[in-house]
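Participant: File work-v3.cif below, mmCIF, C-alpha atoms:
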```
data_my_file
loop_
_atom_site.label_atom_id
_atom_site.label_comp_id
_atom_site.auth_asym_id
_atom_site.auth_seq_id
_atom_site.Cartn_x
_atom_site.Cartn_y
_atom_site.Cartn_z
CA MET O 1 0.00 0.00 0.00
CA SER O 2 1.67 3.19 -1.15
CA THR O 3 1.83 6.22 1.10
CA ASN O 4 2.74 8.55 -1.73
CA THR O 5 -0.41 10.36 -2.77
CA PRO O 6 -0.21 12.75 -5.70
CA LYS O 7 -0.54 16.41 -4.81
CA LYS O 8 -3.92 17.85 -5.61
CA ARG O 9 -3.77 20.30 -8.44
CA PRO O 10 -5.63 23.54 -7.88
CA ASN O 11 -8.85 23.49 -9.84
CA PRO O 12 -9.78 27.05 -10.81
CA ARG O 13 -13.37 26.08 -11.65
CA ALA O 14 -13.91 24.35 -8.31
CA GLU O 15 -12.37 27.28 -6.44
CA ALA O 16 -14.56 29.73 -8.31
CA ARG O 17 -17.61 27.63 -7.43
CA ARG O 18 -16.62 27.57 -3.77
CA ALA O 19 -16.13 31.33 -3.76
CA ALA O 20 -19.54 31.81 -5.39
CA GLU O 21 -21.07 29.45 -2.84
CA LYS O 22 -19.52 31.44 0.03
CA ARG O 23 -20.90 34.66 -1.43
CA ARG O 24 -24.38 33.13 -1.72
CA ARG O 25 -24.28 31.87 1.87
CA LEU O 26 -23.13 35.27 3.11
CA LEU O 27 -25.91 36.92 1.12
CA LEU O 28 -28.46 34.55 2.66
CA ILE O 29 -27.23 35.25 6.19
CA VAL O 30 -27.22 39.01 5.62
CA GLY O 31 -30.68 38.80 4.04
CA GLY O 32 -32.02 36.73 6.96
CA VAL O 33 -30.64 39.13 9.55
CA ALA O 34 -32.08 42.07 7.59
CA VAL O 35 -35.54 40.47 7.55
CA VAL O 36 -35.44 39.84 11.32
CA LEU O 37 -34.26 43.43 11.94
CA LEU O 38 -37.05 44.71 9.71
CA ALA O 39 -39.59 42.69 11.73
CA VAL O 40 -38.17 44.03 15.00
CA GLY O 41 -38.31 47.58 13.60
CA ILE O 42 -41.94 47.18 12.56
CA ALA O 43 -42.74 45.72 15.99
CA VAL O 44 -41.02 48.55 17.88
CA ALA O 45 -42.78 51.15 15.73
CA SER O 46 -46.22 49.56 16.04
CA VAL O 47 -46.32 48.53 19.70
CA GLY O 48 -47.57 51.37 21.85
CA GLU O 49 -46.33 52.39 25.27
CA SER O 50 -47.68 50.01 27.87
CA SER O 51 -49.73 51.77 30.47
CA SER O 52 -49.07 51.21 34.16
CA ARG O 53 -50.21 47.68 34.92
CA ILE O 54 -52.64 46.64 37.60
CA THR O 55 -51.00 43.78 39.47
CA VAL O 56 -52.42 40.69 41.16
CA ALA O 57 -51.59 42.28 44.51
CA ASP O 58 -53.82 45.25 43.60
CA VAL O 59 -56.78 42.99 42.85
CA ALA O 60 -56.42 39.99 45.20
CA GLY O 61 -58.70 39.83 48.21
CA ASP O 62 -57.96 39.11 51.84
CA VAL O 63 -59.25 35.60 52.35
CA GLU O 64 -59.73 33.54 55.49
CA VAL O 65 -60.72 29.90 55.11
CA THR O 66 -61.99 27.78 58.00
CA GLY O 67 -63.12 24.19 57.98
CA GLU O 68 -61.92 21.08 56.22
CA PRO O 69 -60.97 21.59 52.57
CA LEU O 70 -62.90 19.54 50.01
CA PRO O 71 -61.05 16.85 48.05
CA LEU O 72 -59.93 17.69 44.52
CA PHE O 73 -62.82 17.32 42.09
CA GLU O 74 -62.02 14.37 39.81
CA GLY O 75 -64.52 15.22 37.08
CA ASP O 76 -67.48 12.96 37.90
CA PRO O 77 -70.30 14.87 39.65
CA THR O 78 -72.22 11.65 40.30
CA ASN O 79 -69.35 10.00 42.18
CA ASP O 80 -67.94 12.89 44.14
CA PRO O 81 -66.67 12.18 47.67
CA ALA O 82 -67.27 15.83 48.58
CA ILE O 83 -71.04 15.37 48.42
CA GLY O 84 -72.40 15.44 51.96
CA MET O 85 -69.28 17.08 53.37
CA VAL O 86 -69.57 20.40 55.16
CA ALA O 87 -68.27 23.11 52.87
CA PRO O 88 -65.42 25.29 54.07
CA ILE O 89 -66.39 28.74 55.28
CA VAL O 90 -64.63 31.57 53.53
CA GLU O 91 -64.56 35.17 54.62
CA GLY O 92 -63.34 37.42 51.87
CA GLU O 93 -64.11 40.58 50.00
CA SER O 94 -65.44 41.97 46.74
CA PHE O 95 -63.36 43.91 44.19
CA ALA O 96 -64.41 47.07 46.03
CA GLY O 97 -63.32 45.63 49.39
CA ASP O 98 -66.82 44.92 50.75
CA GLY O 99 -67.08 41.87 52.98
CA ARG O 100 -68.31 38.62 51.47
CA GLU O 101 -68.86 35.13 52.89
CA VAL O 102 -69.41 31.76 51.27
CA GLY O 103 -70.03 28.38 52.84
CA GLY O 104 -71.49 27.82 56.27
CA ALA O 105 -75.11 27.28 57.20
CA SER O 106 -76.34 30.75 56.31
CA GLY O 107 -78.64 29.38 53.60
CA PRO O 108 -78.45 27.55 50.27
CA GLN O 109 -75.72 28.85 47.98
CA LEU O 110 -74.55 28.44 44.43
CA ILE O 111 -70.86 29.27 44.18
CA THR O 112 -69.30 29.64 40.75
CA PHE O 113 -65.56 29.96 40.24
CA MET O 114 -64.56 31.98 37.22
CA ALA O 115 -61.14 32.84 35.79
CA SER O 116 -61.28 35.87 33.52
CA TRP O 117 -58.57 34.47 31.20
CA CYS O 118 -60.44 31.17 30.71
CA PRO O 119 -62.25 30.97 27.35
CA ALA O 120 -64.76 28.47 28.77
CA CYS O 121 -65.68 31.00 31.50
CA ASP O 122 -65.92 33.58 28.73
CA ARG O 123 -68.55 31.33 27.12
CA GLU O 124 -70.40 30.62 30.36
CA MET O 125 -70.70 34.17 31.67
CA PRO O 126 -73.22 35.48 29.09
CA ASP O 127 -75.47 32.46 29.76
CA LEU O 128 -75.19 32.95 33.51
CA THR O 129 -75.91 36.66 33.26
CA ALA O 130 -78.97 35.99 31.08
CA TRP O 131 -80.08 33.26 33.54
CA LEU O 132 -79.92 35.75 36.41
CA ASP O 133 -81.57 38.51 34.39
CA ASP O 134 -84.45 36.14 33.62
CA GLY O 135 -85.04 35.76 37.37
CA ARG O 136 -84.36 32.02 37.36
CA LEU O 137 -82.39 32.11 40.63
CA PRO O 138 -84.81 31.12 43.43
CA ASP O 139 -85.22 33.75 46.15
CA GLU O 140 -84.00 31.31 48.80
CA VAL O 141 -80.67 30.77 47.04
CA ASP O 142 -77.67 33.09 47.01
CA LEU O 143 -75.28 33.03 44.09
CA VAL O 144 -71.71 34.18 44.55
CA ALA O 145 -69.09 34.30 41.81
CA VAL O 146 -65.51 33.76 42.94
CA SER O 147 -62.94 35.47 40.76
CA THR O 148 -60.02 33.08 40.96
CA PHE O 149 -56.62 32.22 39.48
CA LEU O 150 -55.68 35.85 39.18
CA ASP O 151 -52.91 36.32 36.63
CA GLU O 152 -51.96 39.70 35.24
CA GLY O 153 -50.03 38.05 32.39
CA ARG O 154 -53.08 36.32 30.95
CA PRO O 155 -55.84 37.75 28.74
CA ASN O 156 -58.87 39.69 30.05
CA TRP O 157 -57.01 41.38 32.86
CA PRO O 158 -58.14 42.87 35.22
CA PRO O 159 -61.02 40.55 36.19
CA ASP O 160 -63.35 43.25 37.59
CA GLU O 161 -63.57 44.79 34.12
CA TRP O 162 -64.17 41.34 32.69
CA PHE O 163 -67.18 40.77 35.00
CA ASP O 164 -68.49 44.28 34.24
CA GLY O 165 -68.16 43.60 30.51
CA PHE O 166 -70.88 40.93 30.74
CA GLY O 167 -73.21 43.19 32.71
CA TYR O 168 -72.90 40.82 35.67
CA THR O 169 -74.19 42.63 38.74
CA GLY O 170 -74.28 39.77 41.23
CA PRO O 171 -71.95 39.45 44.19
CA VAL O 172 -68.31 38.63 43.48
CA MET O 173 -65.70 37.41 45.95
CA VAL O 174 -62.06 37.84 44.91
CA ASP O 175 -59.69 35.00 45.57
CA ASP O 176 -56.23 35.71 46.98
CA ALA O 177 -53.01 35.51 45.00
CA SER O 178 -52.54 31.82 45.81
CA SER O 179 -56.14 30.88 44.96
CA SER O 180 -56.94 29.70 48.49
CA ILE O 181 -60.72 29.64 47.94
CA SER O 182 -60.40 27.41 44.87
CA GLU O 183 -58.05 25.12 46.73
CA ALA O 184 -60.42 24.89 49.69
CA PHE O 185 -63.29 23.84 47.40
CA GLY O 186 -61.18 21.30 45.45
CA LEU O 187 -61.30 23.09 42.12
CA SER O 188 -59.67 21.18 39.26
CA GLY O 189 -60.63 23.46 36.36
CA THR O 190 -62.71 26.50 35.51
CA PRO O 191 -65.57 27.24 35.31
CA PHE O 192 -66.33 25.36 38.52
CA TRP O 193 -69.62 25.09 40.38
CA VAL O 194 -70.42 24.16 43.97
CA ALA O 195 -73.95 23.93 45.41
CA VAL O 196 -74.31 24.10 49.19
CA ASP O 197 -77.61 23.38 50.96
CA ALA O 198 -79.15 25.22 53.91
CA ASP O 199 -77.12 23.07 56.35
CA GLY O 200 -73.86 24.07 54.69
CA GLU O 201 -73.32 20.64 53.11
CA VAL O 202 -72.07 20.15 49.57
CA VAL O 203 -74.84 18.88 47.28
CA TRP O 204 -73.16 19.14 43.92
CA ARG O 205 -69.86 20.05 42.27
CA THR O 206 -68.99 20.17 38.61
CA SER O 207 -66.54 21.83 36.27
CA GLY O 208 -66.77 22.91 32.66
CA LEU O 209 -69.55 24.45 30.61
CA ILE O 210 -73.00 23.46 31.86
CA PRO O 211 -76.46 24.00 30.37
CA MET O 212 -78.50 26.52 32.35
CA GLU O 213 -81.30 23.95 32.67
CA GLN O 214 -78.99 21.96 34.93
CA LEU O 215 -78.53 25.08 37.05
CA ASP O 216 -82.34 25.35 37.31
CA GLU O 217 -82.50 21.81 38.70
CA VAL O 218 -79.69 22.25 41.21
CA ALA O 219 -80.99 25.64 42.36
CA ALA O 220 -84.47 24.16 42.90
CA GLN O 221 -82.95 21.23 44.82
CA ILE O 222 -81.02 23.39 47.30
CA ALA O 223 -83.86 25.91 47.56
CA ALA O 224 -86.02 23.09 48.93
CA SER O 225 -83.37 22.03 51.47
CA MET S 1 -40.32 44.08 25.85
CA ILE S 2 -42.47 40.95 25.64
CA ALA S 3 -45.01 42.90 23.59
CA ILE S 4 -42.27 43.78 21.09
CA ALA S 5 -41.15 40.15 20.94
CA GLU S 6 -44.73 39.00 20.33
CA ARG S 7 -45.23 41.60 17.58
CA THR S 8 -41.89 40.64 16.00
CA PHE S 9 -42.96 37.00 15.85
CA GLY S 10 -46.29 38.18 14.42
CA VAL S 11 -44.58 40.16 11.66
CA LEU S 12 -42.28 37.23 10.87
CA ALA S 13 -45.35 34.99 10.69
CA LEU S 14 -46.84 37.37 8.12
CA PHE S 15 -43.62 37.10 6.10
CA ALA S 16 -43.87 33.31 6.42
CA ILE S 17 -47.43 33.40 5.05
CA LEU S 18 -46.18 35.26 1.98
CA ILE S 19 -43.33 32.77 1.57
CA THR S 20 -45.73 29.82 1.89
CA VAL S 21 -48.25 31.21 -0.57
CA GLY S 22 -45.52 32.06 -3.08
CA THR S 23 -43.96 28.60 -2.74
CA VAL S 24 -47.33 26.85 -3.07
CA VAL S 25 -48.05 28.81 -6.25
CA ALA S 26 -44.62 27.91 -7.61
CA LEU S 27 -45.11 24.24 -6.77
CA THR S 28 -48.61 23.98 -8.22
CA THR S 29 -47.64 25.73 -11.43
CA ARG S 30 -44.45 23.65 -11.55
CA ARG S 31 -42.41 26.81 -11.93
CA VAL S 32 -40.13 26.74 -8.93
CA PRO S 33 -37.32 29.22 -9.58
CA THR S 34 -33.88 27.65 -9.47
CA TRP S 35 -32.63 30.26 -7.02
CA LEU S 36 -35.38 29.16 -4.62
CA SER S 37 -35.01 25.42 -5.02
CA GLY S 38 -31.24 25.50 -5.29
CA ASP S 39 -29.99 28.01 -2.77
CA VAL S 40 -32.74 29.49 -0.67
CA ALA S 41 -35.44 26.93 0.19
CA LEU S 42 -33.60 24.79 2.74
CA PRO S 43 -31.74 27.60 4.56
CA LEU S 44 -35.02 29.54 4.71
CA ALA S 45 -36.89 26.51 6.07
CA THR S 46 -34.13 26.07 8.67
CA SER S 47 -34.43 29.74 9.67
CA ILE S 48 -38.20 29.43 10.06
CA ALA S 49 -37.83 26.33 12.25
CA ALA S 50 -35.14 28.11 14.29
CA VAL S 51 -37.26 31.24 14.78
CA ALA S 52 -40.24 29.09 15.80
CA THR S 53 -38.05 27.20 18.28
CA VAL S 54 -36.48 30.34 19.76
CA GLY S 55 -39.89 32.02 19.82
CA SER S 56 -41.53 29.20 21.74
CA LEU S 57 -38.68 29.18 24.28
CA VAL S 58 -38.74 32.97 24.71
CA LEU S 59 -42.49 32.99 25.29
CA SER S 60 -42.38 30.12 27.78
CA GLU S 61 -39.11 30.81 29.61
CA VAL S 62 -38.99 34.61 29.49
CA ALA S 63 -42.63 35.67 29.16
CA GLY S 64 -43.78 32.84 31.43
CA TYR S 65 -46.55 31.50 29.17
CA THR S 66 -46.88 27.93 30.40
CA PRO S 67 -46.93 25.50 27.45
CA CYS S 68 -50.00 23.25 27.44
CA THR S 69 -50.04 19.63 26.29
CA LEU S 70 -50.79 20.54 22.68
CA CYS S 71 -47.97 23.12 22.73
CA TRP S 72 -45.58 20.37 23.78
CA TYR S 73 -46.71 18.07 20.96
CA GLN S 74 -46.08 20.87 18.47
CA ARG S 75 -42.66 21.48 20.02
CA ILE S 76 -41.82 17.80 19.59
CA ALA S 77 -42.49 18.18 15.87
CA MET S 78 -40.82 21.58 15.45
CA TYR S 79 -37.58 21.35 17.39
CA PRO S 80 -36.02 18.44 15.42
CA LEU S 81 -36.73 20.29 12.17
CA VAL S 82 -34.02 22.81 13.03
CA ILE S 83 -31.40 20.06 12.99
CA VAL S 84 -32.91 17.86 10.29
CA VAL S 85 -33.46 20.64 7.76
CA GLY S 86 -30.37 22.54 8.90
CA VAL S 87 -28.06 19.61 8.22
CA ALA S 88 -29.84 19.00 4.92
CA ALA S 89 -29.34 22.66 3.95
CA TRP S 90 -25.64 22.37 4.70
CA ARG S 91 -25.26 19.09 2.78
CA ARG S 92 -27.67 20.13 0.02
CA ASP S 93 -29.76 17.07 0.65
CA ARG S 94 -32.79 17.60 -1.59
CA GLN S 95 -34.49 14.51 -0.17
CA VAL S 96 -34.98 15.96 3.30
CA TRP S 97 -38.68 16.44 2.51
CA ARG S 98 -39.08 12.72 3.24
CA THR S 99 -38.33 13.47 6.92
CA ALA S 100 -39.42 17.09 7.16
CA LEU S 101 -42.82 16.60 5.53
CA PRO S 102 -44.14 13.97 8.00
CA LEU S 103 -42.88 16.02 10.97
CA SER S 104 -44.47 19.18 9.55
CA LEU S 105 -47.75 17.42 8.80
CA ILE S 106 -47.99 15.97 12.31
CA GLY S 107 -47.20 19.38 13.79
CA ALA S 108 -49.68 21.10 11.50
CA ILE S 109 -52.51 18.70 12.39
CA ILE S 110 -51.92 19.29 16.12
CA ALA S 111 -51.73 23.05 15.53
CA VAL S 112 -55.07 22.98 13.67
CA TRP S 113 -56.69 21.12 16.57
CA HIS S 114 -55.17 23.62 19.01
CA ILE S 115 -56.63 26.50 16.97
CA VAL S 116 -60.04 24.79 17.05
CA ILE S 117 -59.81 24.45 20.85
CA GLU S 118 -58.93 28.14 21.12
CA ARG S 119 -62.00 29.12 19.10
CA ARG S 120 -64.38 26.49 20.48
CA PRO S 121 -63.29 25.67 24.05
CA ALA S 122 -66.33 23.40 24.50
CA LEU S 123 -64.73 20.93 22.05
CA GLY S 124 -61.79 20.60 24.41
CA GLY S 125 -64.05 19.59 27.29
CA GLY S 126 -65.12 23.13 28.18
CA VAL S 127 -62.75 23.21 31.16
CA CYS S 128 -59.70 25.41 31.66
CA ASP S 129 -56.79 23.74 33.42
CA PRO S 130 -55.54 26.52 35.70
CA ALA S 131 -51.90 25.48 35.30
CA ALA S 132 -51.57 25.09 31.54
CA PRO S 133 -54.80 25.83 29.69
CA CYS S 134 -54.74 25.01 25.97
CA ALA S 135 -57.69 27.24 25.14
CA VAL S 136 -56.06 30.45 26.31
CA ARG S 137 -54.87 32.77 23.59
CA TRP S 138 -51.66 34.04 25.16
CA VAL S 139 -50.85 35.98 22.04
CA GLU S 140 -53.18 37.29 19.35
CA GLU S 141 -51.31 39.53 16.93
CA PHE S 142 -53.18 41.32 14.15
CA GLY S 143 -56.41 39.78 15.41
CA PHE S 144 -55.66 36.23 14.28
CA LEU S 145 -52.06 35.21 14.90
CA THR S 146 -52.25 33.09 18.05
CA LEU S 147 -49.36 30.81 19.02
CA PRO S 148 -50.72 27.64 17.32
CA THR S 149 -51.63 29.75 14.27
CA MET S 150 -48.02 30.89 14.03
CA ALA S 151 -46.87 27.29 14.51
CA LEU S 152 -49.21 26.15 11.73
CA ILE S 153 -47.79 28.80 9.40
CA ALA S 154 -44.24 27.70 10.26
CA PHE S 155 -45.04 24.03 9.62
CA ALA S 156 -46.71 24.91 6.30
CA ALA S 157 -43.75 27.06 5.24
CA ILE S 158 -41.21 24.37 6.13
CA ALA S 159 -43.21 21.67 4.34
CA THR S 160 -43.60 23.68 1.15
CA LEU S 161 -40.00 24.89 1.13
CA THR S 162 -38.60 21.37 1.53
CA LEU S 163 -40.85 20.30 -1.34
CA ALA S 164 -39.57 23.23 -3.39
CA ALA S 165 -35.99 22.12 -2.70
CA ARG S 166 -36.95 18.70 -4.03
CA ALA S 167 -37.82 20.38 -7.33
CA ALA S 168 -34.27 21.65 -7.83
CA PRO S 169 -32.83 20.83 -11.28
CA ALA S 170 -30.33 17.99 -11.35
CA SER S 171 -27.32 20.12 -12.10
CA GLU S 172 -23.85 19.17 -10.93
CA GLY S 173 -24.06 20.71 -7.52
CA ASP S 174 -27.64 19.65 -6.89
CA ARG S 175 -27.21 15.92 -7.19
CA ARG S 176 -28.41 13.72 -4.41
CA VAL S 177 -25.83 13.35 -1.67
CA ASP S 178 -26.38 9.63 -1.44
CA GLU S 179 -25.53 9.22 -5.08
CA HIS S 180 -22.53 11.54 -5.16
CA PRO S 181 -21.27 12.01 -1.64
CA GLU S 182 -17.92 13.35 -2.80
CA GLU S 183 -19.68 16.24 -4.58
CA ALA S 184 -22.32 16.88 -1.99
CA THR S 185 -20.82 20.12 -0.75
CA GLU S 186 -20.05 21.41 -4.19
CA PRO S 187 -22.05 24.47 -5.09
CA ALA S 188 -24.65 24.50 -7.80
CA GLY S 189 -23.77 25.11 -11.44
#
```
Will you turn the file into structure tokens for me?
Facilitator:
Amino acid sequence: MSTNTPKKRPNPRAEARRAAEKRRRLLLIVGGVAVVLLAVGIAVASVGESSSRITVADVAGDVEVTGEPLPLFEGDPTNDPAIGMVAPIVEGESFAGDGREVGGASGPQLITFMASWCPACDREMPDLTAWLDDGRLPDEVDLVAVSTFLDEGRPNWPPDEWFDGFGYTGPVMVDDASSSISEAFGLSGTPFWVAVDADGEVVWRTSGLIPMEQLDEVAAQIAAS
Amino acid sequence: MIAIAERTFGVLALFAILITVGTVVALTTRRVPTWLSGDVALPLATSIAAVATVGSLVLSEVAGYTPCTLCWYQRIAMYPLVIVVGVAAWRRDRQVWRTALPLSLIGAIIAVWHIVIERRPALGGGVCDPAAPCAVRWVEEFGFLTLPTMALIAFAAIATLTLAARAAPASEGDRRVDEHPEEATEPAG
């Protein structure tokens, strides 16, 4: 096996091709960078000054939870271990700082947990508002909406404006920054519903979009308790 | 800062739409320009995959937008494309569409479903997972460019560009690397 390999002769055509290839690659890189810079320039020019942001701390309520927390809702309302348990009692406040209370044996309650950034809640709120406007909530039953999972980085912030946008005028309790009310009621997803009877016991929990006819049934059931 | 990043990705997505439409027209009329198929298509597809990858990481790691399950599936399809198409661009491997097209199609199908969930949350069960909700539109540039929409555009652009590269004329520098490995890095014509 010979170790003497002939010296490669310079090939002017191959070298010219390589040089042309280098030029093309350089042109592509420069072109790519130019396009990205153009996009950044358009973005800088078109994005307006961000106004001073309302933070979660500005919105979150002072919340005090007493009683045993409910187990996490697993998704099946018909086989829910929380049914029959005494609901936790929560003392909190509205967006305006007025005192609010849910749970306890103060009378039958429907508690709905809404996150303003949640598209499913966005779908449910108009139906709920119309349901209330139609006077379908029995007089014996209180309905409280809990504004939960506050997150200033998500859409539809701040949540008070989101509620106002639907014309919702019912009572709202604001969760704290760590979503203590949701945790106490075993929320697994929004929207989330809890029905509590006159004795303060959980009758029904569910999550997700629900037909308003189902709300009629549950409201009638706890009204009779 | 995040708003500028989101708008930048939005503008780049608009550019990608133009690129995709132009490439689709060229492919359907069977008039793919040689400069596109020969020199531009694969580096451009690599750049689009790289921007999509960097964009997804910026929005999750810097902006704090938690990726949902469907986001992760799209990432699984997108991230390898940077390497697969990038290496093919370097080696002038015109057959990379055989790998890139299935990955892009899988990613595109997931992106379409994600867009549907964004528009019709009831189809996704009607429940928002508080930790990583798929139905939330973290970004919505120009009224329609949500994150899965941008991903869909990127997948479509990469798929069409790798197909355009396939259409390159069989000149000396454009031969298949598996047939002429010694000439694979030689430039075209």
Participant: Taking 6 positions as the minimum chain separation for residues in the same chain, which residues sit within 12 Å of O:Pro171 when counting all atoms listed in the file? Answer as a list of chain:residue names.
Facilitator: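 So, after excluding close chain neighbours, the residues are O:Gly92, O:Glu93, O:Ser94, O:Phe95, O:Ala96, O:Gly97, O:Asp98, O:Gly99, O:Arg100, O:Glu101, O:Val102, O:Gln109, O:Leu110, O:Ile111, O:Thr112, O:Thr129, O:Leu132, O:Asp142, O:Leu143, O:Val144, O:Ala145, O:Val146, O:Ser147, O:Asp160, O:Phe163, O:Asp164.
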Participant: Mind running chain O against chain S at 10 Å and telling me each contacting residue's nearest atom pair with the distance in Å (one decimal), counting all atoms listed in the file, chain and number ascending, as JSON lines?
Facilitator:
```
{"residue": "O:Ala14", "atom": "CA", "partner": "S:Glu186", "partner_atom": "CA", "distance": 8.0}
{"residue": "O:Glu15", "atom": "CA", "partner": "S:Glu186", "partner_atom": "CA", "distance": 9.9}
{"residue": "O:Ala16", "atom": "CA", "partner": "S:Pro187", "partner_atom": "CA", "distance": 9.7}
{"residue": "O:Arg17", "atom": "CA", "partner": "S:Pro187", "partner_atom": "CA", "distance": 5.9}
{"residue": "O:Arg18", "atom": "CA", "partner": "S:Pro187", "partner_atom": "CA", "distance": 6.4}
{"residue": "O:Ala19", "atom": "CA", "partner": "S:Pro187", "partner_atom": "CA", "distance": 9.2}
{"residue": "O:Ala20", "atom": "CA", "partner": "S:Pro187", "partner_atom": "CA", "distance": 7.8}
{"residue": "O:Glu21", "atom": "CA", "partner": "S:Pro187", "partner_atom": "CA", "distance": 5.6}
{"residue": "O:Lys22", "atom": "CA", "partner": "S:Pro187", "partner_atom": "CA", "distance": 9.0}
{"residue": "O:Arg24", "atom": "CA", "partner": "S:Asp39", "partner_atom": "CA", "distance": 7.7}
{"residue": "O:Arg25", "atom": "CA", "partner": "S:Asp39", "partner_atom": "CA", "distance": 8.3}
{"residue": "O:Leu28", "atom": "CA", "partner": "S:Val40", "partner_atom": "CA", "distance": 7.4}
{"residue": "O:Ile29", "atom": "CA", "partner": "S:Pro43", "partner_atom": "CA", "distance": 9.0}
{"residue": "O:Gly32", "atom": "CA", "partner": "S:Ser47", "partner_atom": "CA", "distance": 7.9}
{"residue": "O:Val35", "atom": "CA", "partner": "S:Leu12", "partner_atom": "CA", "distance": 8.2}
{"residue": "O:Val36", "atom": "CA", "partner": "S:Leu12", "partner_atom": "CA", "distance": 7.3}
{"residue": "O:Leu37", "atom": "CA", "partner": "S:Thr8", "partner_atom": "CA", "distance": 9.1}
{"residue": "O:Leu38", "atom": "CA", "partner": "S:Thr8", "partner_atom": "CA", "distance": 8.9}
{"residue": "O:Ala39", "atom": "CA", "partner": "S:Thr8", "partner_atom": "CA", "distance": 5.3}
{"residue": "O:Val40", "atom": "CA", "partner": "S:Thr8", "partner_atom": "CA", "distance": 5.1}
{"residue": "O:Gly41", "atom": "CA", "partner": "S:Thr8", "partner_atom": "CA", "distance": 8.2}
{"residue": "O:Ile42", "atom": "CA", "partner": "S:Thr8", "partner_atom": "CA", "distance": 7.4}
{"residue": "O:Ala43", "atom": "CA", "partner": "S:Arg7", "partner_atom": "CA", "distance": 5.1}
{"residue": "O:Val44", "atom": "CA", "partner": "S:Ile4", "partner_atom": "CA", "distance": 5.9}
{"residue": "O:Ala45", "atom": "CA", "partner": "S:Ile4", "partner_atom": "CA", "distance": 9.1}
{"residue": "O:Ser46", "atom": "CA", "partner": "S:Arg7", "partner_atom": "CA", "distance": 8.2}
{"residue": "O:Val47", "atom": "CA", "partner": "S:Ile4", "partner_atom": "CA", "distance": 6.4}
{"residue": "O:Gly48", "atom": "CA", "partner": "S:Ala3", "partner_atom": "CA", "distance": 9.0}
{"residue": "O:Glu49", "atom": "CA", "partner": "S:Ala3", "partner_atom": "CA", "distance": 9.7}
{"residue": "O:Ser50", "atom": "CA", "partner": "S:Ala3", "partner_atom": "CA", "distance": 8.7}
{"residue": "O:Met114", "atom": "CA", "partner": "S:Cys128", "partner_atom": "CA", "distance": 9.9}
{"residue": "O:Ala115", "atom": "CA", "partner": "S:Pro130", "partner_atom": "CA", "distance": 8.4}
{"residue": "O:Trp117", "atom": "CA", "partner": "S:Val136", "partner_atom": "CA", "distance": 6.8}
{"residue": "O:Cys118", "atom": "CA", "partner": "S:Cys128", "partner_atom": "CA", "distance": 5.9}
{"residue": "O:Pro119", "atom": "CA", "partner": "S:Ala135", "partner_atom": "CA", "distance": 6.3}
{"residue": "O:Ala120", "atom": "CA", "partner": "S:Gly126", "partner_atom": "CA", "distance": 5.4}
{"residue": "O:Cys121", "atom": "CA", "partner": "S:Cys128", "partner_atom": "CA", "distance": 8.2}
{"residue": "O:Asp122", "atom": "CA", "partner": "S:Pro121", "partner_atom": "CA", "distance": 9.6}
{"residue": "O:Arg123", "atom": "CA", "partner": "S:Pro121", "partner_atom": "CA", "distance": 8.3}
{"residue": "O:Glu124", "atom": "CA", "partner": "S:Gly126", "partner_atom": "CA", "distance": 9.4}
{"residue": "O:Thr148", "atom": "CA", "partner": "S:Pro130", "partner_atom": "CA", "distance": 9.5}
{"residue": "O:Phe149", "atom": "CA", "partner": "S:Pro130", "partner_atom": "CA", "distance": 6.9}
{"residue": "O:Leu150", "atom": "CA", "partner": "S:Pro130", "partner_atom": "CA", "distance": 10.0}
{"residue": "O:Gly153", "atom": "CA", "partner": "S:Tyr65", "partner_atom": "CA", "distance": 8.1}
{"residue": "O:Arg154", "atom": "CA", "partner": "S:Trp138", "partner_atom": "CA", "distance": 6.4}
{"residue": "O:Pro155", "atom": "CA", "partner": "S:Trp138", "partner_atom": "CA", "distance": 6.6}
{"residue": "O:Leu187", "atom": "CA", "partner": "S:Pro130", "partner_atom": "CA", "distance": 9.3}
{"residue": "O:Ser188", "atom": "CA", "partner": "S:Asp129", "partner_atom": "CA", "distance": 7.0}
{"residue": "O:Gly189", "atom": "CA", "partner": "S:Asp129", "partner_atom": "CA", "distance": 4.8}
{"residue": "O:Thr190", "atom": "CA", "partner": "S:Cys128", "partner_atom": "CA", "distance": 5.0}
{"residue": "O:Pro191", "atom": "CA", "partner": "S:Val127", "partner_atom": "CA", "distance": 6.4}
{"residue": "O:Phe192", "atom": "CA", "partner": "S:Val127", "partner_atom": "CA", "distance": 8.5}
{"residue": "O:Ser207", "atom": "CA", "partner": "S:Val127", "partner_atom": "CA", "distance": 6.5}
{"residue": "O:Gly208", "atom": "CA", "partner": "S:Val127", "partner_atom": "CA", "distance": 4.3}
{"residue": "O:Leu209", "atom": "CA", "partner": "S:Gly126", "partner_atom": "CA", "distance": 5.2}
{"residue": "O:Ile210", "atom": "CA", "partner": "S:Gly126", "partner_atom": "CA", "distance": 8.7}
```
Participant: Any chance you could resolve the PyMOL selection byres ((chain S and resi 161) around 9) against this file and give the residues as an MDAnalysis selection string?
Facilitator: chainID S and resid 19:20 23:24 36:37 40:42 44:45 97 156:160 162:166
Participant: Measuring between all atoms listed in the file, which one of O:Asp134, O:Glu161, O:Asp76, O:Glu68 shows the shortest distance to O:Thr206?
Facilitator: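 Of the candidates, the smallest distance to O:Thr206 is held by O:Asp76.
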Participant: Determine the residue set returned by the PyMOL selection byres ((chain S and resi 103) around 12) for the present structure, and present it as a ChimeraX atom specification.
Facilitator: /S:49,73-82,84-85,96-102,104-110,152,154-156,158-159,162
Participant: When you look at O:Val196 with a cut-off of 12 Å (counting all atoms listed in the file), what residues show up, excluding the ones that are within fewer than 2 positions of it in the same chain? I need them as a ChimeraX atom specification.
Facilitator: /O:82-89,102-112,141-144,185,193-194,198-205,218-225
